[in-house]
$ cat final29.txt   # compact mmCIF, C-alpha atoms
# COMPACT_ATOMS: atom_id res chain seq x y z
CA MET Q 1 -30.29 30.34 -0.23
CA ARG Q 2 -27.71 27.77 0.74
CA LEU Q 3 -28.51 24.32 -0.61
CA TYR Q 4 -26.96 21.09 0.57
CA ALA Q 5 -25.33 18.58 -1.73
CA THR Q 6 -27.58 15.63 -2.47
CA THR Q 7 -26.94 12.60 -0.27
CA SER Q 8 -24.91 9.91 -1.97
CA GLN Q 9 -26.41 6.45 -2.41
CA THR Q 10 -24.77 3.21 -3.41
CA VAL Q 11 -24.27 2.46 -7.08
CA GLY Q 12 -25.80 -0.98 -6.38
CA PRO Q 13 -25.17 -4.26 -8.19
CA PHE Q 14 -26.80 -3.36 -11.51
CA PHE Q 15 -24.86 -0.24 -12.46
CA GLN Q 16 -23.78 -1.63 -15.84
CA ILE Q 17 -27.25 -0.80 -17.14
CA GLY Q 18 -26.68 2.91 -16.69
CA LEU Q 19 -22.89 3.19 -16.71
CA GLN Q 20 -22.10 0.99 -19.72
CA LEU Q 21 -22.33 3.73 -22.34
CA LEU Q 22 -19.47 5.75 -20.83
CA MET Q 23 -17.23 2.78 -20.02
CA ASN Q 24 -13.79 3.45 -21.46
CA ALA Q 25 -10.79 1.18 -20.93
CA ASP Q 26 -8.62 2.98 -23.51
CA ILE Q 27 -7.85 6.42 -22.18
CA ALA Q 28 -5.13 7.18 -24.71
CA SER Q 29 -5.51 6.74 -28.45
CA PRO Q 30 -2.81 4.62 -30.15
CA ASP Q 31 -1.23 7.67 -31.80
CA GLY Q 32 -1.40 9.86 -28.69
CA LEU Q 33 1.68 11.31 -27.03
CA GLY Q 34 3.29 9.82 -23.97
CA GLU Q 35 4.66 6.67 -22.43
CA ARG Q 36 2.04 3.99 -22.92
CA ILE Q 37 1.08 1.84 -19.95
CA THR Q 38 -1.35 -0.94 -19.20
CA LEU Q 39 -2.68 -0.75 -15.69
CA GLU Q 40 -4.01 -3.95 -14.18
CA GLY Q 41 -5.40 -4.67 -10.78
CA GLN Q 42 -7.82 -6.48 -8.59
CA VAL Q 43 -10.39 -5.17 -6.11
CA LEU Q 44 -10.57 -7.17 -2.86
CA ASP Q 45 -12.86 -7.01 0.16
CA GLY Q 46 -12.02 -7.34 3.85
CA ASP Q 47 -11.79 -11.14 3.56
CA ARG Q 48 -9.57 -10.81 0.47
CA ILE Q 49 -12.44 -12.05 -1.67
CA ALA Q 50 -12.53 -10.59 -5.16
CA ILE Q 51 -15.18 -7.93 -5.74
CA PRO Q 52 -16.88 -8.60 -9.10
CA ASP Q 53 -19.14 -5.55 -9.04
CA ALA Q 54 -16.89 -2.53 -8.63
CA VAL Q 55 -16.44 0.44 -10.95
CA ILE Q 56 -13.09 2.22 -11.27
CA GLU Q 57 -13.03 5.70 -12.81
CA ILE Q 58 -9.87 7.51 -13.80
CA TRP Q 59 -9.18 11.20 -14.37
CA GLN Q 60 -5.75 12.26 -15.54
CA ALA Q 61 -3.68 14.88 -17.30
CA ASN Q 62 -2.01 14.35 -20.65
CA ALA Q 63 1.68 13.59 -21.12
CA GLU Q 64 2.51 17.30 -20.70
CA GLY Q 65 0.62 17.57 -17.43
CA LYS Q 66 -2.34 19.44 -18.90
CA TYR Q 67 -5.96 18.58 -18.09
CA ALA Q 68 -8.57 18.68 -20.85
CA HIS Q 69 -10.71 21.06 -18.85
CA PRO Q 70 -11.41 24.83 -19.04
CA GLU Q 71 -10.11 25.27 -15.48
CA ASP Q 72 -6.59 24.32 -16.56
CA SER Q 73 -5.02 27.57 -17.77
CA GLN Q 74 -1.45 26.30 -17.95
CA PRO Q 75 0.29 27.30 -21.17
CA LYS Q 76 0.85 23.69 -22.16
CA PRO Q 77 -0.26 21.90 -25.31
CA ILE Q 78 -3.60 20.14 -25.40
CA ASP Q 79 -3.33 16.69 -26.93
CA ALA Q 80 -6.21 16.55 -29.40
CA GLY Q 81 -8.38 13.55 -28.73
CA PHE Q 82 -7.00 12.99 -25.25
CA ARG Q 83 -9.75 13.51 -22.70
CA GLY Q 84 -8.14 11.75 -19.74
CA TYR Q 85 -11.28 9.92 -18.68
CA GLY Q 86 -11.54 6.19 -18.04
CA ARG Q 87 -14.15 3.90 -16.53
CA VAL Q 88 -13.98 0.12 -16.17
CA GLU Q 89 -15.89 -2.46 -14.20
CA THR Q 90 -14.25 -5.40 -12.46
CA ASP Q 91 -14.76 -8.83 -13.99
CA ASP Q 92 -16.06 -11.93 -12.21
CA ASN Q 93 -12.65 -12.32 -10.53
CA GLY Q 94 -12.40 -8.71 -9.45
CA PHE Q 95 -9.88 -7.77 -12.13
CA PHE Q 96 -9.76 -4.65 -14.24
CA ARG Q 97 -7.44 -3.35 -16.96
CA ILE Q 98 -6.93 0.16 -18.36
CA ARG Q 99 -4.67 1.28 -21.17
CA THR Q 100 -3.39 4.83 -20.95
CA ILE Q 101 -0.28 6.99 -20.88
CA LYS Q 102 1.76 8.24 -17.97
CA PRO Q 103 0.63 11.81 -17.30
CA GLY Q 104 2.99 14.72 -16.87
CA ARG Q 105 3.44 16.68 -13.66
CA THR Q 106 0.62 18.99 -12.65
CA PRO Q 107 0.56 21.99 -10.31
CA GLY Q 108 0.24 21.33 -6.60
CA PRO Q 109 -0.27 23.56 -3.58
CA GLY Q 110 2.06 26.46 -2.88
CA GLY Q 111 3.63 26.54 -6.32
CA SER Q 112 4.83 22.96 -6.03
CA LEU Q 113 4.61 20.39 -8.79
CA GLN Q 114 2.81 17.13 -8.17
CA ALA Q 115 4.29 13.80 -9.15
CA PRO Q 116 2.56 12.11 -12.09
CA HIS Q 117 -0.62 10.51 -10.81
CA LEU Q 118 -4.04 9.28 -11.81
CA GLU Q 119 -7.10 10.38 -9.88
CA VAL Q 120 -9.30 7.41 -9.04
CA THR Q 121 -12.93 6.99 -7.97
CA VAL Q 122 -14.16 3.63 -6.73
CA PHE Q 123 -17.84 2.67 -6.63
CA MET Q 124 -19.38 -0.67 -5.71
CA ARG Q 125 -22.38 -2.36 -4.19
CA GLY Q 126 -21.99 -2.03 -0.43
CA LEU Q 127 -20.30 1.35 -0.69
CA MET Q 128 -22.64 4.20 0.23
CA LYS Q 129 -20.52 6.90 -1.39
CA ARG Q 130 -17.57 7.08 -3.71
CA LEU Q 131 -14.06 6.41 -2.51
CA VAL Q 132 -11.27 8.56 -3.90
CA THR Q 133 -7.67 7.50 -4.21
CA ARG Q 134 -4.65 8.08 -6.47
CA ILE Q 135 -2.25 5.94 -8.45
CA TYR Q 136 1.40 7.02 -8.53
CA PHE Q 137 4.18 5.60 -10.69
CA PRO Q 138 6.96 3.35 -9.41
CA GLY Q 139 10.48 4.73 -9.38
CA ASP Q 140 9.48 8.29 -10.22
CA ALA Q 141 11.83 10.63 -8.40
CA ALA Q 142 9.05 13.21 -8.10
CA ASN Q 143 7.16 10.95 -5.67
CA GLU Q 144 9.56 11.97 -2.86
CA ASN Q 145 8.37 15.55 -2.80
CA ASP Q 146 4.76 15.08 -3.76
CA LEU Q 147 2.71 17.01 -1.24
CA VAL Q 148 -0.28 14.69 -1.28
CA LEU Q 149 1.85 11.56 -1.01
CA ASN Q 150 3.64 13.13 1.91
CA LEU Q 151 0.37 13.56 3.78
CA VAL Q 152 0.18 9.76 3.90
CA PRO Q 153 1.99 7.88 6.69
CA GLU Q 154 5.05 6.30 5.11
CA ALA Q 155 3.99 2.76 5.99
CA ARG Q 156 0.80 3.12 3.93
CA ARG Q 157 2.24 5.08 1.01
CA GLN Q 158 3.05 2.00 -1.07
CA THR Q 159 -0.67 1.28 -1.48
CA LEU Q 160 -0.78 4.30 -3.78
CA ILE Q 161 2.21 3.38 -5.91
CA ALA Q 162 1.69 0.89 -8.73
CA ARG Q 163 4.17 -1.98 -9.14
CA GLU Q 164 6.12 -2.79 -12.29
CA CYS Q 165 4.73 -6.00 -13.66
CA GLY Q 166 6.40 -6.55 -17.01
CA GLU Q 167 7.26 -4.11 -19.77
CA GLY Q 168 4.76 -1.28 -19.86
CA VAL Q 169 2.50 -3.10 -17.43
CA LEU Q 170 1.70 -1.76 -13.98
CA ARG Q 171 -0.19 -3.51 -11.22
CA TRP Q 172 -2.30 -1.65 -8.68
CA ASP Q 173 -4.80 -3.39 -6.40
CA VAL Q 174 -7.59 -1.96 -4.30
CA ARG Q 175 -7.85 -3.51 -0.86
CA MET Q 176 -10.94 -2.27 0.94
CA GLN Q 177 -9.85 -3.30 4.45
CA GLY Q 178 -6.94 -4.65 6.45
CA ASP Q 179 -3.40 -3.74 7.45
CA ASP Q 180 -2.51 -3.02 3.84
CA GLU Q 181 -5.82 -1.31 3.11
CA THR Q 182 -5.60 1.11 0.22
CA VAL Q 183 -5.27 4.73 1.26
CA PHE Q 184 -8.43 6.64 0.45
CA PHE Q 185 -8.66 10.41 0.43
CA ASP Q 186 -11.20 12.86 1.73
CA ILE Q 187 -11.50 15.51 -0.94
CA MET V 1 -7.38 19.98 8.89
CA ILE V 2 -4.22 19.27 7.01
CA GLN V 3 -1.03 19.29 9.04
CA THR V 4 1.49 20.25 6.44
CA GLY V 5 2.47 23.71 7.52
CA ASP V 6 1.42 27.18 6.51
CA SER V 7 2.38 27.03 2.89
CA ALA V 8 -0.14 24.32 2.08
CA LEU V 9 -2.91 26.09 3.92
CA THR V 10 -2.17 29.36 2.22
CA ALA V 11 -2.14 27.68 -1.14
CA ARG V 12 -5.41 26.05 -0.34
CA SER V 13 -7.18 29.19 0.81
CA SER V 14 -5.96 31.08 -2.22
CA MET V 15 -7.46 28.46 -4.50
CA GLU V 16 -11.15 28.29 -5.09
CA VAL V 17 -12.07 24.94 -3.64
CA TYR V 18 -15.20 22.87 -3.23
CA GLY V 19 -16.99 22.94 0.11
CA ARG V 20 -17.19 19.99 2.45
CA PRO V 21 -20.58 18.43 3.15
CA ARG V 22 -22.66 19.65 6.06
CA GLY V 23 -22.49 17.19 8.96
CA GLY V 24 -25.01 14.36 8.83
CA THR V 25 -26.04 14.95 5.21
CA GLN V 26 -23.84 12.23 3.72
CA PRO V 27 -23.72 8.56 4.70
CA GLU V 28 -20.88 7.06 6.67
CA TYR V 29 -18.92 4.36 4.87
CA ARG V 30 -19.58 2.04 7.81
CA HIS V 31 -23.35 1.67 7.63
CA LEU V 32 -23.92 -1.86 8.87
CA PRO V 33 -27.72 -2.04 8.48
CA TYR V 34 -26.78 -2.34 4.80
CA ARG V 35 -25.16 -5.75 5.02
CA SER V 36 -22.96 -5.50 1.95
CA CYS V 37 -21.05 -2.69 3.68
CA GLU V 38 -19.47 -5.00 6.20
CA LYS V 39 -16.44 -6.15 4.20
CA ARG V 40 -16.40 -3.22 1.81
CA HIS V 41 -16.06 -0.11 3.93
CA PRO V 42 -12.63 1.35 4.67
CA THR V 43 -11.53 0.84 8.27
CA HIS V 44 -8.81 3.52 8.28
CA ALA V 45 -9.75 7.17 8.46
CA LEU V 46 -9.69 8.91 5.10
CA ILE V 47 -6.79 11.31 4.63
CA GLU V 48 -7.89 14.84 3.85
CA ILE V 49 -6.03 16.45 0.98
CA PRO V 50 -6.08 19.95 -0.47
CA HIS V 51 -7.86 20.57 -3.74
CA THR V 52 -5.31 20.77 -6.52
CA LEU V 53 -5.89 21.22 -10.22
CA SER V 54 -6.46 17.45 -10.32
CA GLU V 55 -9.56 17.71 -8.14
CA ILE V 56 -11.04 20.93 -9.52
CA THR V 57 -10.95 19.67 -13.10
CA GLY V 58 -12.83 16.62 -14.31
CA PRO V 59 -14.15 14.84 -17.38
CA GLN V 60 -16.55 16.76 -19.56
CA PHE V 61 -18.99 15.17 -21.99
CA THR V 62 -20.98 16.29 -24.99
CA LEU V 63 -24.17 15.14 -26.64
CA GLU V 64 -22.00 13.12 -29.00
CA ASP V 65 -20.88 10.96 -26.09
CA ILE V 66 -24.36 10.06 -24.92
CA ARG V 67 -26.57 10.18 -28.05
CA LYS V 68 -29.30 12.71 -27.94
CA SER V 69 -32.37 10.51 -27.94
CA SER V 70 -31.83 8.47 -24.83
CA CYS V 71 -33.78 10.59 -22.32
CA ASP V 72 -37.03 8.82 -23.26
CA LEU V 73 -36.83 5.34 -21.74
CA THR V 74 -40.21 4.38 -23.18
CA LYS V 75 -38.87 4.55 -26.74
CA GLN V 76 -35.99 2.09 -26.52
CA GLY V 77 -37.76 -1.09 -27.60
CA SER V 78 -39.90 -2.04 -30.56
CA GLY V 79 -43.07 -1.40 -28.54
CA GLU V 80 -44.37 0.33 -25.44
CA PRO V 81 -43.00 -0.85 -22.10
CA SER V 82 -45.46 -2.02 -19.46
CA GLY V 83 -46.21 0.16 -16.49
CA GLN V 84 -47.19 3.63 -15.39
CA ARG V 85 -45.59 6.26 -17.66
CA ILE V 86 -43.97 9.08 -15.71
CA VAL V 87 -41.94 12.22 -16.38
CA VAL V 88 -39.06 12.92 -13.98
CA GLY V 89 -37.52 16.35 -14.23
CA GLY V 90 -35.79 19.01 -12.23
CA GLN V 91 -32.71 21.10 -12.04
CA VAL V 92 -29.08 20.34 -11.29
CA LEU V 93 -27.71 23.12 -9.10
CA ASP V 94 -24.64 23.73 -7.00
CA GLU V 95 -24.97 24.52 -3.29
CA ASP V 96 -25.24 28.22 -4.05
CA GLY V 97 -28.19 27.61 -6.33
CA ARG V 98 -26.24 28.13 -9.56
CA PRO V 99 -27.33 25.90 -12.43
CA VAL V 100 -24.94 23.17 -13.51
CA ARG V 101 -25.11 23.49 -17.29
CA ASN V 102 -24.47 20.99 -20.08
CA SER V 103 -23.57 18.30 -17.61
CA VAL V 104 -24.15 14.61 -18.24
CA ILE V 105 -26.69 12.61 -16.23
CA GLU V 106 -26.80 8.82 -16.39
CA MET V 107 -29.95 7.13 -15.08
CA TRP V 108 -30.93 3.48 -14.67
CA GLN V 109 -33.75 1.59 -13.03
CA ALA V 110 -35.82 -1.59 -12.65
CA ASN V 111 -38.89 -2.15 -14.84
CA ALA V 112 -42.48 -1.85 -13.66
CA ALA V 113 -42.35 -5.34 -12.18
CA GLY V 114 -39.24 -4.51 -10.16
CA ARG V 115 -36.73 -6.39 -12.31
CA TYR V 116 -33.50 -5.07 -13.80
CA MET V 117 -32.37 -6.12 -17.23
CA HIS V 118 -29.12 -7.52 -15.84
CA ARG V 119 -27.68 -11.04 -15.77
CA TRP V 120 -27.39 -10.98 -11.99
CA ASP V 121 -31.00 -10.03 -11.36
CA GLN V 122 -32.79 -13.38 -11.11
CA HIS V 123 -35.73 -11.98 -9.17
CA HIS V 124 -38.88 -13.94 -10.02
CA ALA V 125 -40.62 -11.16 -11.95
CA PRO V 126 -40.98 -10.65 -15.70
CA LEU V 127 -38.43 -8.88 -17.83
CA ASP V 128 -39.84 -6.32 -20.25
CA PRO V 129 -38.20 -6.58 -23.70
CA ASN V 130 -39.28 -3.00 -24.36
CA PHE V 131 -37.58 -1.61 -21.29
CA PRO V 132 -33.77 -1.78 -20.99
CA GLY V 133 -34.08 0.76 -18.17
CA ARG V 134 -31.32 3.21 -19.00
CA GLY V 135 -31.29 6.88 -19.95
CA HIS V 136 -28.73 9.58 -20.56
CA THR V 137 -29.08 13.29 -20.96
CA LEU V 138 -27.30 16.62 -20.64
CA THR V 139 -28.64 19.43 -18.49
CA ASP V 140 -29.69 22.48 -20.49
CA ASP V 141 -28.48 26.07 -20.11
CA SER V 142 -30.54 26.52 -16.95
CA GLY V 143 -29.47 23.19 -15.45
CA HIS V 144 -32.78 21.48 -16.20
CA TYR V 145 -33.13 17.86 -17.19
CA ARG V 146 -36.07 15.63 -18.04
CA PHE V 147 -36.57 11.89 -18.46
CA VAL V 148 -39.68 10.12 -19.70
CA THR V 149 -39.85 6.64 -18.24
CA ILE V 150 -42.09 4.23 -16.37
CA LYS V 151 -42.45 3.98 -12.63
CA PRO V 152 -40.13 1.23 -11.36
CA GLY V 153 -41.51 -1.53 -9.17
CA SER V 154 -40.28 -2.41 -5.70
CA TYR V 155 -38.24 -5.58 -5.47
CA PRO V 156 -37.07 -8.01 -2.82
CA TRP V 157 -33.40 -8.27 -1.85
CA SER V 158 -31.44 -10.42 0.53
CA ASN V 159 -30.33 -7.81 3.05
CA HIS V 160 -32.57 -9.15 5.82
CA HIS V 161 -35.75 -11.21 6.19
CA ASN V 162 -38.53 -9.95 3.90
CA ALA V 163 -36.42 -7.02 2.72
CA TRP V 164 -37.86 -4.91 -0.13
CA ARG V 165 -36.31 -1.89 -1.78
CA PRO V 166 -38.58 1.10 -2.20
CA ALA V 167 -39.11 2.11 -5.84
CA HIS V 168 -36.14 4.17 -6.98
CA LEU V 169 -34.18 5.56 -9.92
CA HIS V 170 -30.37 5.57 -9.95
CA PHE V 171 -28.67 8.83 -10.96
CA SER V 172 -25.01 9.42 -11.84
CA LEU V 173 -23.63 12.94 -12.36
CA PHE V 174 -20.17 14.33 -13.01
CA GLY V 175 -20.65 18.07 -12.64
CA PRO V 176 -17.80 20.45 -13.41
CA ALA V 177 -14.99 18.74 -11.49
CA PHE V 178 -13.59 15.46 -10.20
CA ALA V 179 -14.66 16.74 -6.77
CA THR V 180 -18.33 17.05 -7.74
CA ARG V 181 -18.98 13.45 -8.81
CA LEU V 182 -22.26 12.12 -7.42
CA VAL V 183 -24.12 8.81 -7.59
CA THR V 184 -27.45 8.73 -5.82
CA GLN V 185 -30.98 7.34 -5.88
CA MET V 186 -34.34 9.09 -6.21
CA TYR V 187 -37.43 7.82 -4.40
CA PHE V 188 -41.17 8.40 -4.79
CA PRO V 189 -43.43 10.28 -2.36
CA GLY V 190 -45.57 8.17 -0.05
CA ASP V 191 -43.64 4.94 -0.59
CA PRO V 192 -44.50 2.76 2.43
CA LEU V 193 -41.12 1.02 2.25
CA LEU V 194 -39.03 4.14 2.88
CA PRO V 195 -38.97 3.90 6.71
CA PHE V 196 -37.58 0.35 6.45
CA ASP V 197 -34.92 0.75 3.79
CA PRO V 198 -31.33 0.79 5.12
CA ILE V 199 -30.02 2.50 2.00
CA TYR V 200 -32.50 5.37 2.15
CA ASN V 201 -32.02 5.67 5.92
CA CYS V 202 -28.28 6.18 5.71
CA THR V 203 -27.92 9.72 7.04
CA ALA V 204 -28.17 11.17 10.51
CA ASP V 205 -29.91 14.22 9.03
CA GLU V 206 -33.55 13.41 8.33
CA GLU V 207 -33.97 16.43 6.05
CA ALA V 208 -31.13 15.16 3.85
CA ARG V 209 -32.97 11.87 3.50
CA LYS V 210 -36.21 13.58 2.58
CA ARG V 211 -34.45 15.45 -0.20
CA LEU V 212 -33.95 12.09 -1.92
CA VAL V 213 -37.72 11.82 -2.32
CA SER V 214 -39.18 13.42 -5.45
CA SER V 215 -42.41 15.39 -5.30
CA PHE V 216 -45.50 14.86 -7.40
CA ASP V 217 -45.64 17.74 -9.86
CA TRP V 218 -48.64 18.97 -11.86
CA ASP V 219 -46.41 21.22 -13.96
CA THR V 220 -44.59 18.31 -15.61
CA THR V 221 -47.61 15.99 -15.60
CA ILE V 222 -48.73 15.52 -19.22
CA PRO V 223 -52.53 15.30 -19.61
CA ASP V 224 -53.66 11.83 -20.68
CA ILE V 225 -50.04 10.63 -20.91
CA ALA V 226 -47.85 10.66 -17.82
CA LEU V 227 -47.60 11.68 -14.16
CA GLY V 228 -44.86 14.17 -13.36
CA PHE V 229 -42.30 14.02 -10.55
CA HIS V 230 -39.90 16.80 -9.62
CA PHE V 231 -36.40 16.03 -8.37
CA ASP V 232 -33.56 18.53 -8.04
CA LEU V 233 -29.99 17.32 -7.74
CA ILE V 234 -27.49 19.43 -5.80
CA LEU V 235 -23.75 19.12 -6.44
CA ARG V 236 -21.00 20.43 -4.18
CA GLY V 237 -20.43 24.14 -4.58
CA ARG V 238 -17.28 26.20 -4.52
CA ASN V 239 -16.38 27.52 -1.15
CA ALA V 240 -13.21 29.58 -1.18
CA THR V 241 -14.07 31.53 1.94
CA LEU V 242 -14.25 28.46 4.16
CA PHE V 243 -10.49 28.32 4.56
CA GLU V 244 -9.62 31.98 4.60
CA GLU V 245 -8.06 33.34 7.78

$ encode --input "final29.txt" --output "structure tokens"
Amino acid sequence: MRLYATTSQTVGPFFQIGLQLLMNADIASPDGLGERITLEGQVLDGDRIAIPDAVIEIWQANAEGKYAHPEDSQPKPIDAGFRGYGRVETDDNGFFRIRTIKPGRTPGPGGSLQAPHLEVTVFMRGLMKRLVTRIYFPGDAANENDLVLNLVPEARRQTLIARECGEGVLRWDVRMQGDDETVFFDI
Amino acid sequence: MIQTGDSALTARSSMEVYGRPRGGTQPEYRHLPYRSCEKRHPTHALIEIPHTLSEITGPQFTLEDIRKSSCDLTKQGSGEPSGQRIVVGGQVLDEDGRPVRNSVIEMWQANAAGRYMHRWDQHHAPLDPNFPGRGHTLTDDSGHYRFVTIKPGSYPWSNHHNAWRPAHLHFSLFGPAFATRLVTQMYFPGDPLLPFDPIYNCTADEEARKRLVSSFDWDTTIPDIALGFHFDLILRGRNATLFEE
């Protein structure tokens, strides 16, 4: 019998109660491999008002481009202790901060290699189902040929690429609406 | 469909990917009866992308991450919480009916008076010091899960005049992949508020809505202790054939 995926419902305003235990702002351990980065950003609504009740979840590969998941059969080293999972909530001013490492390149469609990227889920009150987006890294030559990035109209692509904001600090905002609205993906 | 030429499509069809939802079974982002949507829904169309290794993998958790004992929400204070004790259980399955094993479930809810233990909930109803209102568990080898808790109360909210949320539990599941992430709410059978709730009434497909309502269940009802409610959760299934020529 074919079943249908359960209907999504909003995470609501009180998600901290249930989601606190698996919050994780430090994706990479201090002695882990890879180029360490701090990722900062703000989540803004259609009036550019800060959203203080959003959840950002990250999923990423390790510095070698290997996911800590049985589905990843690439002959690349697993970084012990690196799971690649992050979850943070926005603060009262809509800000969030995650410390991690820049992931390596991972396989893309048709034998291509993807540019380093973080997979992102956004939840918030007012959002009936998750939004999915990606964070790419500024100045990475691999961005030019990234198949997913190239599905995005050029004028909107910069919403997916973090900005350098000091040494080892990247800035990436989520804008829910508007001309510079963040690109969200249908997966 | 993606417009990137044959190579992308071929790559996609040769990969085992997760199926897309059946029309009408998932809410639209723009669902204005729910007022908070207005400034928070994307106005541009989402861009469809193929499933790469990034989407078909996802975070995996163990009992160590969630602590084993947290599936009984009535045992988290120094005494018994107020309210009607209930057992909520069911199975987590994919769309082909295969159990989703050893997968984390996060659950949270209001107390029996309809108040959340949260700084932003200033609803004029008592907090219950014996009821933080959170639970975590892993599905077992057959995809089953079970929480012992108390039945949450309904509560007022500011969506419209005299707006009340039907009693509900919040569920959060990861499943096997980034693509299978689900956050939803479970309702109770016969709740008179269901026809009026904009969050429950978010899908065109009425059957999809009804699947968010648990059923009263004698099998999990514990004599003299707690009423049982059955609620299955269905995650997206793999659907490689969908894109084959």

$ closest_atom_pairs --input "final29.txt" --of "chain Q" --to "chain V" --cutoff "8 Å" --atoms "only C-alpha atoms" --output "CSV"
residue,atom,partner,partner_atom,distance
Q:Met1,CA,V:Asp96,CA,6.7
Q:Arg2,CA,V:Asp96,CA,5.4
Q:Leu3,CA,V:Glu95,CA,4.4
Q:Tyr4,CA,V:Glu95,CA,5.5
Q:Ala5,CA,V:Ile234,CA,4.7
Q:Thr6,CA,V:Ile234,CA,5.1
Q:Thr7,CA,V:Gln26,CA,5.1
Q:Ser8,CA,V:Thr184,CA,4.8
Q:Gln9,CA,V:Thr184,CA,4.2
Q:Thr10,CA,V:Thr184,CA,6.6
Q:Val11,CA,V:Val183,CA,6.4
Q:Phe14,CA,V:His118,CA,6.4
Q:Phe15,CA,V:Trp108,CA,7.5
Q:Gln16,CA,V:His118,CA,8.0
Q:Ile17,CA,V:Arg134,CA,6.0
Q:Gly18,CA,V:Trp108,CA,4.7
Q:Leu19,CA,V:Glu106,CA,6.9
Q:Leu21,CA,V:Ile66,CA,7.1
Q:Leu22,CA,V:Asp65,CA,7.5
Q:Asp45,CA,V:Arg40,CA,5.4
Q:Gly46,CA,V:Lys39,CA,4.6
Q:Asp47,CA,V:Lys39,CA,6.9
Q:Trp59,CA,V:Gly58,CA,6.5
Q:Gln60,CA,V:Ser54,CA,7.4
Q:Ala61,CA,V:Ser54,CA,7.9
Q:Tyr67,CA,V:Thr57,CA,7.1
Q:Ala68,CA,V:Pro59,CA,7.6
Q:His69,CA,V:Thr57,CA,5.9
Q:Pro70,CA,V:Thr57,CA,7.9
Q:Glu71,CA,V:Thr57,CA,6.1
Q:Asp72,CA,V:Leu53,CA,7.1
Q:Arg83,CA,V:Pro59,CA,7.0
Q:Gly84,CA,V:Pro59,CA,7.2
Q:Tyr85,CA,V:Pro59,CA,5.8
Q:Thr106,CA,V:Leu53,CA,7.3
Q:Pro107,CA,V:Leu53,CA,6.5
Q:Gly108,CA,V:Thr52,CA,5.6
Q:Pro109,CA,V:Ala11,CA,5.1
Q:Gly110,CA,V:Ala11,CA,4.7
Q:Gly111,CA,V:Ala11,CA,7.8
Q:Glu119,CA,V:Ser54,CA,7.1
Q:Arg125,CA,V:Ser36,CA,6.9
Q:Gly126,CA,V:Cys37,CA,4.3
Q:Leu127,CA,V:Cys37,CA,6.0
Q:Met128,CA,V:Tyr29,CA,5.9
Q:Lys129,CA,V:Tyr29,CA,6.9
Q:Arg130,CA,V:Val183,CA,7.8
Q:Val148,CA,V:Ile49,CA,6.4
Q:Leu151,CA,V:Thr4,CA,7.3
Q:Val152,CA,V:Ile47,CA,7.2
Q:Met176,CA,V:Pro42,CA,5.5
Q:Gln177,CA,V:Pro42,CA,5.4
Q:Gly178,CA,V:Thr43,CA,7.4
Q:Glu181,CA,V:Pro42,CA,7.5
Q:Val183,CA,V:Leu46,CA,7.2
Q:Phe184,CA,V:Leu46,CA,5.3
Q:Phe185,CA,V:Ile47,CA,4.7
Q:Asp186,CA,V:Glu48,CA,4.4
Q:Ile187,CA,V:Ile49,CA,5.9

$ residues_around --input "final29.txt" --residues "Gly104 of chain Q" --least-positions-apart "5" --cutoff "8 Å" --atoms "all atoms listed in the file" --output "number ranges by chain"
Q: 61-66, 115-116

$ atom_distance --input "final29.txt" --atom1 "atom CA of Ser215 of chain V" --atom2 "atom CA of Phe229 of chain V"
5.4 Å

$ atom_distance --input "final29.txt" --atom1 "atom CA of Pro192 of chain V" --atom2 "atom CA of Gly89 of chain V"
22.6 Å

$ residues_around --input "final29.txt" --residues "Arg134 of chain Q" --least-positions-apart "6" --cutoff "7 Å" --atoms "only C-alpha atoms" --output "VMD selection string"
chain Q and resid 117 to 120 160

$ closest_residue --input "final29.txt" --among "V:Leu169, V:Ala163, V:Ile150, V:Ala204" --to "Lys75 of chain V" --atoms "all atoms listed in the file"
V:Ile150

$ axis_aligned_box --input "final29.txt" --around "segment 67-76 of chain Q" --padding-each-side "8 Å" --output "lines of an AutoDock Vina configuration file"
center_x = -5.3
center_y = 23.1
center_z = -18.8
size_x = 28.3
size_y = 25.0
size_z = 22.7

$ atom_distance --input "final29.txt" --atom1 "atom CA of Arg87 of chain Q" --atom2 "atom CA of Thr100 of chain Q"
11.7 Å

$ closest_residue --input "final29.txt" --among "V:Gly228, V:Gly83, V:Gly143, V:Gly175" --to "Arg101 of chain V" --atoms "all atoms listed in the file"
V:Gly143
